[in-house]
Structure formats: C-alpha cells, structure tokens
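> Take this structure, written in structure tokens, and hold onto it; I'll ask about it next.
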Amino acid sequence: MFPNFINHLKKHVELNIDEIATLKDFVKIIEVKKKDFLLEEGKICRYNYFVEKGLLRMFFVNEKGVEQITQFALENWWMSDHMSLIMEKPSVFNIQAVENATIIAIAQSKQEQVFKQLPQLERYFRIMMQRAYAATQMRFKYFHDFSKEESYRQFISLFPDFTQRIPQYMLASYLGLTPEYLSELRKKA
C-alpha cells in the first residue's frame, strides 16, 4: 500500500506483518496535487508528513513579501513544522507540493499511542530527528563558510536528484541566490 514508507522504516527498525497492519491504523494517506498546501501559515501543524511519492517544500514569506524556502522533501523524507506541531501554536511556515505527491501523515495526537503499541518507532523517530538536526547544523555551517557558488556546488553534488526536479527559482530561494545568479552558475557547470 505504501512500500517506500514501510521499506524506510525497516531500514532502521524491525517490523513484522502484524506490526505493519497495526501501523496502518495510525496513518493517513494524502494525495496532493502540485501547488496544494499541506500547511498554511497561521494554521497549527497537526501531522508529521512522510513523502511516499513526490516533492514538497517548506517556506515562509519574509517582510518584503518574498518567499524563502527553508526545506525540501522528496521520497523517503519527512517534513513538518515541529515548533507548531509540538507547541500547538500557529505555524510561520507553509508546506506545499512542488509535484503531485502521495503523503503518509501521522497525527501528533496519535503519536504517543503509536509509540506504546510499536515502541520501536520511538527509536526510529529519534534516529530521524537526529539526522535532521545534523543536516540543519551542516546547512548552517555551509551558509557561513561557503561562498554562494560553493554552496550551489555542494548542494548539487550532495543532492543531484533535487536539481533535476526543483524549479530554478525555488533552488535559488533555498540557497539564498537570485534566479539570475543561479542561471550563471549553471552555465559555468
């Protein structure tokens, strides 16, 4: 039913057929079209989203009215506004589909119940959060250590799948570049 999700879980924790059947009771499958929103600024985030198929972006609109992309997620990646999710406060972010997508959503309200029935998932989510935090730390370092051109080259070497699927203006927003400058960098590559 959602093979990427189950295979991803099994890379990190053991799950038998009965446990997979139990898990299915706790997840919601969401089909979103390109440009549909899973979360809009000002609303409370209620779910952790796993990308079974497709591509999502998280962004905010700055004081100048310009979109600033903070994160992308493609197959086997998670996305959520964790501050809004945990604190039950209105989000300052938007989560939108860049492509048509199939999303596996786990409600925050059901997460503790899932962990009680499937305790190995608590370990899984700890691993995912540690990896996400480490990636955020490295992104922050790259932002301060690398030139704009080095940041672009680092991104395309680490995530070649993204560069084929993300529109140029979105990649520019994520990297803090203008679309024109990104076009120049691509011509050099």
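Letters for chains follow the order of the structure tokens (A, B, ...), residue numbers begin at 1 for each chain, and ligand numbers begin at 1 in the order shown.
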I want to know what sits within 8 Å of stretch 8-21 of chain A, based on only C-alpha atoms, with residues of the same chain fewer than 5 positions away left out; could you give that as a list in words?

Asn76, Leu118, Gln120, Leu121, Arg123 and Tyr124 of chain A

> Quick one: which stretch 107-136 of chain A residues come within 8 Å of stretch 32-53 of chain A, and what is the nearest atom pair for each with the distance in Å to one decimal, counting only C-alpha atoms, rows ordered by chain and ascending number, as JSON lines?


```
{"residue": "A:Ala107", "atom": "CA", "partner": "A:Tyr47", "partner_atom": "CA", "distance": 4.4}
{"residue": "A:Gln108", "atom": "CA", "partner": "A:Tyr47", "partner_atom": "CA", "distance": 5.5}
{"residue": "A:Ser109", "atom": "CA", "partner": "A:Arg46", "partner_atom": "CA", "distance": 7.6}
```

> Could you save those same residues with N, CA and C atoms as a short mmCIF file (atom, residue, chain, number, x, y, z; two decimals), in the first residue's frame?


```
data_model
loop_
_atom_site.label_atom_id
_atom_site.label_comp_id
_atom_site.auth_asym_id
_atom_site.auth_seq_id
_atom_site.Cartn_x
_atom_site.Cartn_y
_atom_site.Cartn_z
N ALA A 107 -0.64 11.73 12.70
CA ALA A 107 -1.14 12.83 13.54
C ALA A 107 -0.36 12.89 14.84
N GLN A 108 -0.01 14.09 15.25
CA GLN A 108 0.67 14.30 16.53
C GLN A 108 -0.19 13.74 17.66
N SER A 109 -1.49 13.88 17.54
CA SER A 109 -2.40 13.41 18.59
C SER A 109 -2.37 11.89 18.76
#
```

> Could you pull out the residues in stretch 6-68 of chain A that DSSP calls strand (DSSP E) from the backbone, as a ChimeraX atom specification?

/A:27-32,37-39,47-53,55-61,67-68

> Would you write out those residues with N, CA and C atoms, as a CSV table (one decimal), in the first residue's frame?


```
chain,number,residue,atom,x,y,z
A,27,VAL,N,-1.9,5.8,10.4
A,27,VAL,CA,-1.5,6.7,9.3
A,27,VAL,C,-2.7,7.1,8.4
A,28,LYS,N,-2.5,8.2,7.8
A,28,LYS,CA,-3.4,8.7,6.8
A,28,LYS,C,-2.7,8.9,5.5
A,29,ILE,N,-3.3,8.5,4.4
A,29,ILE,CA,-2.7,8.7,3.1
A,29,ILE,C,-3.3,9.9,2.5
A,30,ILE,N,-2.5,10.9,2.1
A,30,ILE,CA,-3.0,12.1,1.5
A,30,ILE,C,-2.4,12.2,0.1
A,31,GLU,N,-3.3,12.4,-0.9
A,31,GLU,CA,-2.9,12.7,-2.3
A,31,GLU,C,-3.0,14.2,-2.5
A,32,VAL,N,-1.9,14.8,-2.8
A,32,VAL,CA,-1.9,16.2,-3.1
A,32,VAL,C,-1.5,16.5,-4.5
A,37,PHE,N,-1.5,22.9,-0.7
A,37,PHE,CA,-0.9,23.1,0.6
A,37,PHE,C,-1.2,22.0,1.6
A,38,LEU,N,-0.2,21.5,2.3
A,38,LEU,CA,-0.5,20.6,3.5
A,38,LEU,C,-0.6,21.5,4.7
A,39,LEU,N,0.1,22.6,4.7
A,39,LEU,CA,0.1,23.5,5.9
A,39,LEU,C,0.2,24.9,5.4
A,47,TYR,N,0.4,17.2,11.8
A,47,TYR,CA,0.9,16.0,11.3
A,47,TYR,C,2.4,16.0,11.0
A,48,ASN,N,3.1,14.9,11.1
A,48,ASN,CA,4.4,14.6,10.5
A,48,ASN,C,4.1,14.0,9.1
A,49,TYR,N,4.7,14.6,8.1
A,49,TYR,CA,4.5,14.1,6.7
A,49,TYR,C,5.6,13.4,6.2
A,50,PHE,N,5.4,12.2,5.7
A,50,PHE,CA,6.4,11.4,5.0
A,50,PHE,C,6.1,11.3,3.5
A,51,VAL,N,7.0,11.6,2.7
A,51,VAL,CA,6.8,11.7,1.2
A,51,VAL,C,7.0,10.3,0.7
A,52,GLU,N,5.9,9.6,0.4
A,52,GLU,CA,5.9,8.3,-0.3
A,52,GLU,C,6.3,8.5,-1.8
A,53,LYS,N,5.7,9.5,-2.4
A,53,LYS,CA,6.0,9.9,-3.8
A,53,LYS,C,5.8,11.3,-4.0
A,55,LEU,N,7.3,15.6,-4.2
A,55,LEU,CA,8.2,16.5,-3.7
A,55,LEU,C,7.5,17.7,-3.0
A,56,LEU,N,7.9,18.0,-1.8
A,56,LEU,CA,7.3,19.1,-1.0
A,56,LEU,C,8.4,20.2,-0.8
A,57,ARG,N,7.9,21.4,-0.4
A,57,ARG,CA,8.8,22.4,0.0
A,57,ARG,C,8.2,23.1,1.3
A,58,MET,N,9.0,23.6,2.1
A,58,MET,CA,8.6,24.4,3.3
A,58,MET,C,9.1,25.8,3.1
A,59,PHE,N,8.3,26.8,3.3
A,59,PHE,CA,8.8,28.2,3.1
A,59,PHE,C,8.0,29.1,3.9
A,60,PHE,N,8.6,30.3,4.1
A,60,PHE,CA,7.9,31.4,4.7
A,60,PHE,C,8.0,32.6,3.8
A,61,VAL,N,7.1,33.6,4.0
A,61,VAL,CA,7.2,34.8,3.3
A,61,VAL,C,7.8,35.9,4.2
A,67,GLU,N,9.1,34.9,-1.0
A,67,GLU,CA,9.2,33.5,-0.4
A,67,GLU,C,10.6,33.1,-0.1
A,68,GLN,N,10.8,32.5,1.0
A,68,GLN,CA,12.1,32.0,1.4
A,68,GLN,C,12.0,30.5,1.7
```

> Could you give me, as CSV, every stretch 116-140 of chain A residue with an atom at most 12 Å from stretch 81-103 of chain A, plus its closest atom pair and distance in Å to one decimal, counting only C-alpha atoms, rows ordered by chain then number?


```
residue,atom,partner,partner_atom,distance
A:Met129,CA,A:His82,CA,10.2
A:Ala132,CA,A:His82,CA,11.4
A:Tyr133,CA,A:His82,CA,11.7
```

> Need to verify the contact set: stretch 141-155 of chain A, 8 Å, only C-alpha atoms, exclusion of same-chain residues closer than 5 positions in sequence. Can you return it as JSON, numbers by chain?

{"A": [160, 175, 176, 177, 185]}

> Could those residues be written to a file, using N, CA, C and O atoms, as a compact mmCIF listing (two decimals), in the first residue's frame?


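Just written: out_34.txt:
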```
# COMPACT_ATOMS: atom_id res chain seq x y z
N PRO A 160 21.88 15.42 -6.17
CA PRO A 160 21.65 15.57 -7.62
C PRO A 160 20.20 15.36 -8.03
O PRO A 160 19.74 15.97 -9.00
N LEU A 175 18.86 28.40 -1.65
CA LEU A 175 20.29 28.69 -1.50
C LEU A 175 20.58 30.16 -1.20
O LEU A 175 21.74 30.53 -1.00
N GLY A 176 19.54 31.00 -1.20
CA GLY A 176 19.75 32.42 -0.93
C GLY A 176 20.37 33.16 -2.10
O GLY A 176 21.12 34.12 -1.91
N LEU A 177 20.06 32.72 -3.30
CA LEU A 177 20.59 33.32 -4.52
C LEU A 177 19.47 33.96 -5.32
O LEU A 177 18.30 33.63 -5.13
N LEU A 185 25.59 30.39 -12.61
CA LEU A 185 26.32 29.27 -12.04
C LEU A 185 26.09 27.99 -12.81
O LEU A 185 27.01 27.21 -13.03
```

> Mind listing the alpha helix (DSSP H) residues of stretch 34-179 of chain A, per DSSP on the backbone, as a PyMOL selection string?

chain A and resi 82-87+108-117+120-145+148-158+160-165+168-175+179
